[in-house]
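Next up, run17.tsv (TSV, C-alpha atoms and all ligand atoms):
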```tsv
chain	number	residue	atom	x	y	z
P	1	MET	CA	-13.66	4.37	-19.79
P	2	GLU	CA	-16.57	6.83	-19.69
P	3	ASN	CA	-18.57	4.59	-22.04
P	4	LEU	CA	-17.90	1.60	-19.84
P	5	ILE	CA	-19.11	3.45	-16.74
P	6	ARG	CA	-22.23	4.54	-18.63
P	7	GLY	CA	-22.78	0.92	-19.62
P	8	LEU	CA	-22.32	-0.18	-16.02
P	9	LEU	CA	-24.93	2.33	-14.84
P	10	LEU	CA	-27.36	1.00	-17.47
P	11	GLU	CA	-26.66	-2.60	-16.41
P	12	ILE	CA	-27.49	-1.87	-12.80
P	13	GLY	CA	-30.78	-0.38	-13.91
P	14	GLU	CA	-30.07	3.31	-13.72
P	15	ASN	CA	-31.30	6.10	-15.92
P	16	VAL	CA	-28.09	7.60	-17.27
P	17	GLU	CA	-29.94	10.67	-18.50
P	18	ARG	CA	-30.91	11.96	-15.08
P	19	GLU	CA	-29.12	15.02	-13.83
P	20	GLY	CA	-27.28	13.49	-10.87
P	21	LEU	CA	-25.59	10.92	-13.10
P	22	ALA	CA	-24.71	13.20	-16.00
P	23	LYS	CA	-21.12	13.72	-14.93
P	24	THR	CA	-20.65	10.44	-13.10
P	25	PRO	CA	-18.83	8.65	-15.96
P	26	VAL	CA	-16.19	11.37	-16.26
P	27	ARG	CA	-15.83	11.64	-12.48
P	28	VAL	CA	-15.40	7.88	-12.09
P	29	LYS	CA	-12.85	7.82	-14.90
P	30	GLU	CA	-10.80	10.54	-13.21
P	31	MET	CA	-11.09	8.76	-9.88
P	32	TYR	CA	-9.79	5.48	-11.29
P	33	GLN	CA	-6.94	7.27	-13.01
P	34	PHE	CA	-5.95	8.71	-9.66
P	35	LEU	CA	-6.45	5.51	-7.66
P	36	THR	CA	-4.33	3.53	-10.10
P	37	LYS	CA	-1.58	6.06	-10.75
P	38	GLY	CA	0.92	3.69	-9.20
P	39	TYR	CA	1.01	1.81	-12.55
P	40	ARG	CA	2.49	4.91	-14.16
P	41	GLU	CA	5.12	5.49	-11.49
P	42	ASP	CA	8.44	3.73	-11.09
P	43	PRO	CA	9.33	2.81	-7.50
P	44	LYS	CA	12.84	1.83	-8.54
P	45	ALA	CA	13.53	5.30	-9.93
P	46	LEU	CA	12.18	6.91	-6.77
P	47	ILE	CA	14.26	4.76	-4.46
P	48	ASN	CA	17.43	5.20	-6.51
P	49	GLU	CA	17.37	8.97	-6.36
P	50	ALA	CA	16.72	8.93	-2.60
P	51	ILE	CA	19.43	6.52	-1.39
P	52	TYR	CA	22.44	7.83	0.42
P	53	GLU	CA	25.40	6.37	2.27
P	54	GLN	CA	25.17	6.69	6.02
P	55	LYS	CA	26.71	4.82	8.89
P	56	TYR	CA	23.77	4.07	11.15
P	57	ASP	CA	23.25	0.67	12.72
P	58	GLU	CA	19.93	0.93	14.51
P	59	MET	CA	16.49	0.11	13.28
P	60	ILE	CA	14.77	2.73	11.12
P	61	LEU	CA	11.01	2.58	11.43
P	62	VAL	CA	8.36	4.61	9.63
P	63	LYS	CA	5.09	3.76	11.27
P	64	ASP	CA	1.42	4.62	10.78
P	65	ILE	CA	1.74	5.32	7.05
P	66	GLN	CA	-1.82	5.75	5.83
P	67	ILE	CA	-2.72	3.49	2.95
P	68	PHE	CA	-5.66	3.51	0.58
P	69	SER	CA	-5.77	0.76	-2.00
P	70	LEU	CA	-8.25	-1.14	-4.17
P	71	CYS	CA	-8.84	-4.84	-3.80
P	72	GLU	CA	-8.34	-6.51	-7.15
P	73	HIS	CA	-11.17	-8.97	-6.59
P	74	HIS	CA	-13.95	-6.42	-6.12
P	75	LEU	CA	-12.43	-3.02	-7.01
P	76	MET	CA	-13.41	-1.86	-3.56
P	77	PRO	CA	-11.22	0.06	-1.14
P	78	PHE	CA	-9.13	-1.39	1.57
P	79	PHE	CA	-7.42	1.07	3.85
P	80	GLY	CA	-5.43	1.30	7.03
P	81	LYS	CA	-1.84	1.68	8.12
P	82	ALA	CA	1.52	0.37	7.03
P	83	HIS	CA	4.60	0.11	9.23
P	84	VAL	CA	7.95	-0.23	7.48
P	85	ALA	CA	11.26	-0.91	9.23
P	86	TYR	CA	14.74	-1.86	8.13
P	87	LEU	CA	18.18	-2.37	9.59
P	88	PRO	CA	20.55	-0.37	7.40
P	89	ASN	CA	23.75	-1.81	6.06
P	90	GLY	CA	25.51	1.38	4.92
P	91	LYS	CA	22.66	2.74	2.80
P	92	ILE	CA	19.58	4.60	3.92
P	93	ILE	CA	16.64	6.20	2.14
P	94	GLY	CA	14.89	9.52	2.80
P	95	LEU	CA	12.06	8.96	5.27
P	96	SER	CA	9.37	10.67	3.22
P	97	LYS	CA	10.31	8.41	0.32
P	98	VAL	CA	9.28	5.35	2.31
P	99	ALA	CA	5.74	6.70	2.50
P	100	ARG	CA	5.78	7.52	-1.22
P	101	LEU	CA	6.95	4.00	-2.05
P	102	VAL	CA	4.07	2.56	-0.07
P	103	ASP	CA	1.72	4.84	-1.98
P	104	MET	CA	3.06	3.78	-5.38
P	105	PHE	CA	2.25	0.15	-4.70
P	106	ALA	CA	-1.04	0.93	-2.95
P	107	ARG	CA	-2.29	2.93	-5.94
P	108	ARG	CA	-2.69	-0.21	-7.99
P	109	LEU	CA	-5.15	-3.07	-7.89
P	110	GLN	CA	-3.90	-5.14	-5.00
P	111	VAL	CA	-4.35	-7.88	-2.51
P	112	GLN	CA	-3.05	-6.91	0.91
P	113	GLU	CA	-0.60	-9.81	1.01
P	114	ARG	CA	1.10	-8.82	-2.25
P	115	LEU	CA	1.20	-5.15	-1.28
P	116	THR	CA	3.05	-6.12	1.90
P	117	VAL	CA	5.58	-8.27	0.03
P	118	GLU	CA	6.17	-5.73	-2.74
P	119	ILE	CA	7.05	-2.97	-0.26
P	120	ALA	CA	9.48	-5.27	1.57
P	121	GLN	CA	11.06	-6.48	-1.68
P	122	ILE	CA	11.80	-3.10	-3.19
P	123	ILE	CA	13.59	-2.05	0.00
P	124	GLN	CA	15.44	-5.35	0.26
P	125	GLU	CA	16.61	-5.25	-3.36
P	126	ASN	CA	17.71	-1.63	-3.45
P	127	LEU	CA	19.04	-0.90	0.04
P	128	GLU	CA	20.37	-4.39	0.77
P	129	PRO	CA	19.75	-3.90	4.50
P	130	LYS	CA	20.33	-6.44	7.26
P	131	GLY	CA	16.61	-6.98	7.36
P	132	VAL	CA	13.23	-5.54	6.42
P	133	ALA	CA	9.88	-5.73	8.20
P	134	VAL	CA	6.56	-4.59	6.82
P	135	VAL	CA	3.24	-4.88	8.64
P	136	ILE	CA	-0.06	-3.70	7.19
P	137	GLU	CA	-3.29	-3.43	9.15
P	138	ALA	CA	-6.30	-2.75	6.97
P	139	GLN	CA	-10.05	-2.86	6.72
P	140	HIS	CA	-11.61	-4.20	3.55
P	141	LEU	CA	-14.90	-2.71	2.41
P	142	CYS	CA	-15.56	-5.74	0.21
P	143	MET	CA	-15.73	-7.79	3.43
P	144	GLN	CA	-17.56	-5.26	5.53
P	145	MET	CA	-20.17	-3.88	3.14
P	146	ARG	CA	-21.07	-7.31	1.83
P	147	GLY	CA	-21.37	-8.62	5.36
P	148	VAL	CA	-19.16	-11.67	4.88
P	149	GLU	CA	-17.05	-10.89	7.93
P	150	LYS	CA	-17.61	-9.01	11.14
P	151	GLN	CA	-17.80	-5.29	10.60
P	152	GLY	CA	-14.76	-3.42	11.81
P	153	SER	CA	-12.52	-6.46	11.58
P	154	THR	CA	-8.92	-5.77	10.65
P	155	VAL	CA	-6.69	-7.86	8.41
P	156	ILE	CA	-3.03	-7.93	9.43
P	157	THR	CA	-0.28	-9.05	7.08
P	158	SER	CA	3.45	-9.08	7.63
P	159	GLU	CA	6.61	-9.76	5.69
P	160	MET	CA	9.99	-10.05	7.40
P	161	SER	CA	13.46	-10.82	6.17
P	162	GLY	CA	17.02	-10.99	7.48
P	163	ARG	CA	17.44	-10.20	11.17
P	164	PHE	CA	13.73	-9.55	11.64
P	165	ARG	CA	13.13	-13.15	10.67
P	166	ALA	CA	16.20	-14.72	12.28
P	167	ASP	CA	16.40	-12.81	15.57
P	168	PRO	CA	13.37	-12.92	17.87
P	169	ARG	CA	14.63	-9.90	19.86
P	170	THR	CA	14.79	-7.69	16.75
P	171	ARG	CA	11.34	-8.83	15.74
P	172	GLU	CA	10.04	-8.21	19.26
P	173	GLU	CA	11.52	-4.70	19.32
P	174	PHE	CA	9.80	-3.92	16.04
P	175	MET	CA	6.48	-5.37	17.19
P	176	SER	CA	6.55	-3.42	20.45
P	177	LEU	CA	7.37	-0.19	18.61
P	178	ILE	CA	4.35	-0.49	16.33
P	179	ARG	CA	1.95	-1.69	19.01
P	201	ZN	ZN	-12.23	-7.78	-2.24
```

Please express the file's structure as structure tokens.
Amino acid sequence: MENLIRGLLLEIGENVEREGLAKTPVRVKEMYQFLTKGYREDPKALINEAIYEQKYDEMILVKDIQIFSLCEHHLMPFFGKAHVAYLPNGKIIGLSKVARLVDMFARRLQVQERLTVEIAQIIQENLEPKGVAVVIEAQHLCMQMRGVEKQGSTVITSEMSGRFRADPRTREEFMSLIR
């Protein structure tokens, strides 16, 4: 990867010998390894060791989970907040694990839509709740720095299943809690 970064610097017209760039290839390599570590982590394993039986019928919501991800079209950051809710059906998961799950999928090359769906799906498949809702609000640097869209604009995506989809009151409760 270091050779590729050096090649990239050459292609954009830089002098790779100058002092400020000497360690850039190794730094960028380490950065990408960190920002894509989700490929080397297994969300299913994480969720399985964190599930426990609990009788609790109300909505569980983890809101304002910070996300940092990379858009797969430009390799530029998009970042913001994720809100994850579910209606348990006998099984619940440790709250901190929800945030770690979000991180595992965010630390991959993503589009915001797929990130939203993947988080909802892993919870749906493993907890089998009465419903899942995931909303992500994010800013995309590939839009903002390249000036295609208004600066500061936010992209909102959502994925809902079960009661969140079927029952407007449940959906409304969720939406008012994250507002
Ligand atoms: Zn992009």

(request) Using all atoms listed in the file, find each residue with an atom at most 6 Å away from ligand ZN 201 (chain P) and format the answer as number ranges by chain. (result) P: 71, 73-74, 142

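Distance check against Glu58 in chain P using all atoms listed in the file: of P:Phe174, P:Tyr32, P:Phe105, P:Phe78, the minimum falls on P:Phe174.
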
(message) Using all atoms listed in the file for the distances, tell me which of P:Val117, P:Leu87, P:Leu141, P:Ile47 is nearest to Met59 in chain P.
(response)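 Looking at the shortest contact to Met59 in chain P, the residue is P:Leu87.
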
(request) Kindly indicate which residue among P:Gly80, P:Asn48, P:Gly162, P:Glu118 lies nearest to His140 in chain P, using only C-alpha atoms for the distances. (result)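 Using only C-alpha atoms, His140 in chain P sits closest to P:Gly80.
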
(message) I'd like the interatomic distance between CA of Met143 in chain P and CA of Lys81 in chain P, to a tenth of an Å.
(response) 17.5 Å

N, CA, C and O atoms are needed for range 109-125 of chain P; please write them out as a tab-separated table (two decimals), in the frame of the given file.
```
chain	number	residue	atom	x	y	z
P	109	LEU	N	-4.24	-2.03	-8.38
P	109	LEU	CA	-5.15	-3.07	-7.89
P	109	LEU	C	-4.30	-4.06	-7.10
P	109	LEU	O	-3.27	-4.52	-7.57
P	110	GLN	N	-4.76	-4.37	-5.90
P	110	GLN	CA	-3.90	-5.14	-5.00
P	110	GLN	C	-4.67	-6.20	-4.24
P	110	GLN	O	-5.90	-6.16	-4.13
P	111	VAL	N	-3.91	-7.13	-3.67
P	111	VAL	CA	-4.35	-7.88	-2.51
P	111	VAL	C	-3.38	-7.47	-1.40
P	111	VAL	O	-2.22	-7.16	-1.67
P	112	GLN	N	-3.87	-7.45	-0.19
P	112	GLN	CA	-3.05	-6.91	0.91
P	112	GLN	C	-1.74	-7.68	1.07
P	112	GLN	O	-0.69	-7.10	1.36
P	113	GLU	N	-1.80	-8.98	0.86
P	113	GLU	CA	-0.60	-9.81	1.01
P	113	GLU	C	0.49	-9.40	0.03
P	113	GLU	O	1.66	-9.27	0.38
P	114	ARG	N	0.10	-9.18	-1.24
P	114	ARG	CA	1.10	-8.82	-2.25
P	114	ARG	C	1.64	-7.41	-2.00
P	114	ARG	O	2.83	-7.16	-2.15
P	115	LEU	N	0.76	-6.51	-1.60
P	115	LEU	CA	1.20	-5.15	-1.28
P	115	LEU	C	2.30	-5.19	-0.21
P	115	LEU	O	3.34	-4.53	-0.33
P	116	THR	N	2.08	-5.99	0.80
P	116	THR	CA	3.05	-6.12	1.90
P	116	THR	C	4.40	-6.63	1.38
P	116	THR	O	5.46	-6.06	1.70
P	117	VAL	N	4.35	-7.67	0.56
P	117	VAL	CA	5.58	-8.27	0.03
P	117	VAL	C	6.30	-7.31	-0.92
P	117	VAL	O	7.52	-7.17	-0.88
P	118	GLU	N	5.54	-6.62	-1.77
P	118	GLU	CA	6.17	-5.73	-2.74
P	118	GLU	C	6.93	-4.59	-2.07
P	118	GLU	O	8.01	-4.20	-2.52
P	119	ILE	N	6.37	-4.06	-0.99
P	119	ILE	CA	7.05	-2.97	-0.26
P	119	ILE	C	8.35	-3.50	0.34
P	119	ILE	O	9.41	-2.88	0.23
P	120	ALA	N	8.27	-4.68	0.96
P	120	ALA	CA	9.48	-5.27	1.57
P	120	ALA	C	10.54	-5.56	0.50
P	120	ALA	O	11.72	-5.29	0.69
P	121	GLN	N	10.10	-6.08	-0.64
P	121	GLN	CA	11.06	-6.48	-1.68
P	121	GLN	C	11.81	-5.31	-2.28
P	121	GLN	O	13.02	-5.38	-2.49
P	122	ILE	N	11.11	-4.23	-2.54
P	122	ILE	CA	11.80	-3.10	-3.19
P	122	ILE	C	12.87	-2.52	-2.26
P	122	ILE	O	13.94	-2.11	-2.70
P	123	ILE	N	12.59	-2.55	-0.96
P	123	ILE	CA	13.59	-2.05	0.00
P	123	ILE	C	14.74	-3.04	0.11
P	123	ILE	O	15.91	-2.66	0.10
P	124	GLN	N	14.40	-4.32	0.17
P	124	GLN	CA	15.44	-5.35	0.26
P	124	GLN	C	16.38	-5.28	-0.95
P	124	GLN	O	17.60	-5.28	-0.81
P	125	GLU	N	15.80	-5.20	-2.14
P	125	GLU	CA	16.61	-5.25	-3.36
P	125	GLU	C	17.49	-4.01	-3.54
P	125	GLU	O	18.60	-4.11	-4.04
```
